[in-house]
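Scroll down for the structure; my scribbles are underneath it.
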Amino acid sequence: MELDGRVVVVTGGTRGVGAGIARSFLAAGAEVVVCARRPPAEPVSAAGRKAAYREVDLRNPAAVQEFFDAVGAAYGRLDCLVNNAGGTPYRLLGEGEAERHARVVELNLLAPLTASLAAFGHLRAARGSVLMVGSVSGTRPSPGTAAYGAAKAGLENLARSMAVEWAPEVRVNTLVLGMVRTELAHLHYGDEAGIAAVGATVPLGRLAEPADVGAAAVFLASDRAGYVSGASLLVHGGGERPAFLDAATVNKES
């Protein structure tokens, strides 16, 4: 398989999008380590293989450095870091003090920076790559999740600067995700009818599956993307149909 012998770390890889990414790397032949503050309910597995789990709090720089040094010692190399850990509750700006919003920025922007810096020496030795998991929330207004959107916008810019500073030894790219159907999708979109209705707003007619994101991640980490760095790959099913098209009284589709 195309990633035989490669070692990959997926932060927040115990569920949802992160677990989907981890499974795709396992299926491609890589050795995968997933990390989070709590272990998964059951091992993340695919193609008869399992990801290793290690506990780490990504907000603790000393613990993060210790984690990556332990991975390097255990596997002898690190080829790819996927900065997937993140998320946010729904909270309007006026409904929370600045400290609460700052914690969202810490998790979604500072934690990926901390992890990337801790992994850099190992990635440079392997001439590996970093994948940031971004969001369309960083490219458009994000009411209710403004701090998250701001952090994701910053993450994409960070990746582009990192790609220049760390070239040619380490490639850095961003996956810009739209809506993904995970085990928590009902918290965002409602029941099956709500999920289907939201999916119908996407040009491709559905929400992404974690495996769709995983396939894109494997491509960017592989030798097939060896000349791709500083790029942002949109994984959003075509994006969103502009609202003005439906509001306008002319040029309606027959």
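The chains in the structure tokens are called A, B, ... from first to last as shown; in each chain the residues are counted from 1, and the ligands are counted from 1 in the order shown.
Residue neighbourhood of region 110-121 of chain A, excluding near-sequence residues (fewer than 6 positions): A:Thr11, A:Leu58, A:Arg59, A:Asn60, A:Pro61, A:Val64, A:Gln65, A:Glu66, A:Phe67, A:Phe68, A:Asp69, A:Gly72, A:Leu78, A:Leu81, A:Val82, A:Asn83, A:Asn84, A:Ala85, A:Gly86, A:Val130, A:Met132, A:Ala151, A:Leu155, A:Leu158, A:Trp166, A:Val170, at 9 Å, using only C-alpha atoms.
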DSSP strand (DSSP E or B) residues within region 26-240 of chain A, listed as a PyMOL selection string: chain A and resi 31-36+45-46+49-50+52-55+80-83+129-135+171-177+180+208+232-235
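Taking CA of Arg49 (chain A) and CA of Leu26 (chain A) as endpoints, the distance between them is 6.6 Å.
Taking only C-alpha atoms into account, Gly237 (chain A) lies nearest to A:Val180 out of the set A:Val180, A:Ala125, A:Ala196, A:Val33.
Between CA of Ala30 (chain A) and CA of Val8 (chain A) lies a distance of 6.7 Å.
Ranking A:Thr182, A:Ser24, A:Thr88, A:Asn173 by their shortest atom-to-atom distance to Gly149 (chain A), with only C-alpha atoms included, puts A:Thr88 first.
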Given only C-alpha atoms as the counted atoms, nearest of A:Ala150, A:Ala36, A:Val235, A:Ala70 to Val202 (chain A): A:Val235
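Shell of Glu42 (chain A) at 12 Å, with only C-alpha atoms counted and residues fewer than 6 places along the chain excluded, is A:Thr14, A:Arg15, A:Ala19, A:Lys50, A:Ala51, A:Ala52, A:Tyr53.
For the pair CA of Thr249 (chain A) and CA of Gly205 (chain A), the interatomic distance is 24.2 Å.
Compared by their closest atoms to Glu95 (chain A), and using only C-alpha atoms, the residues A:Ala27, A:Cys80, A:Ala231, A:Ala146 rank with A:Ala146 nearest.
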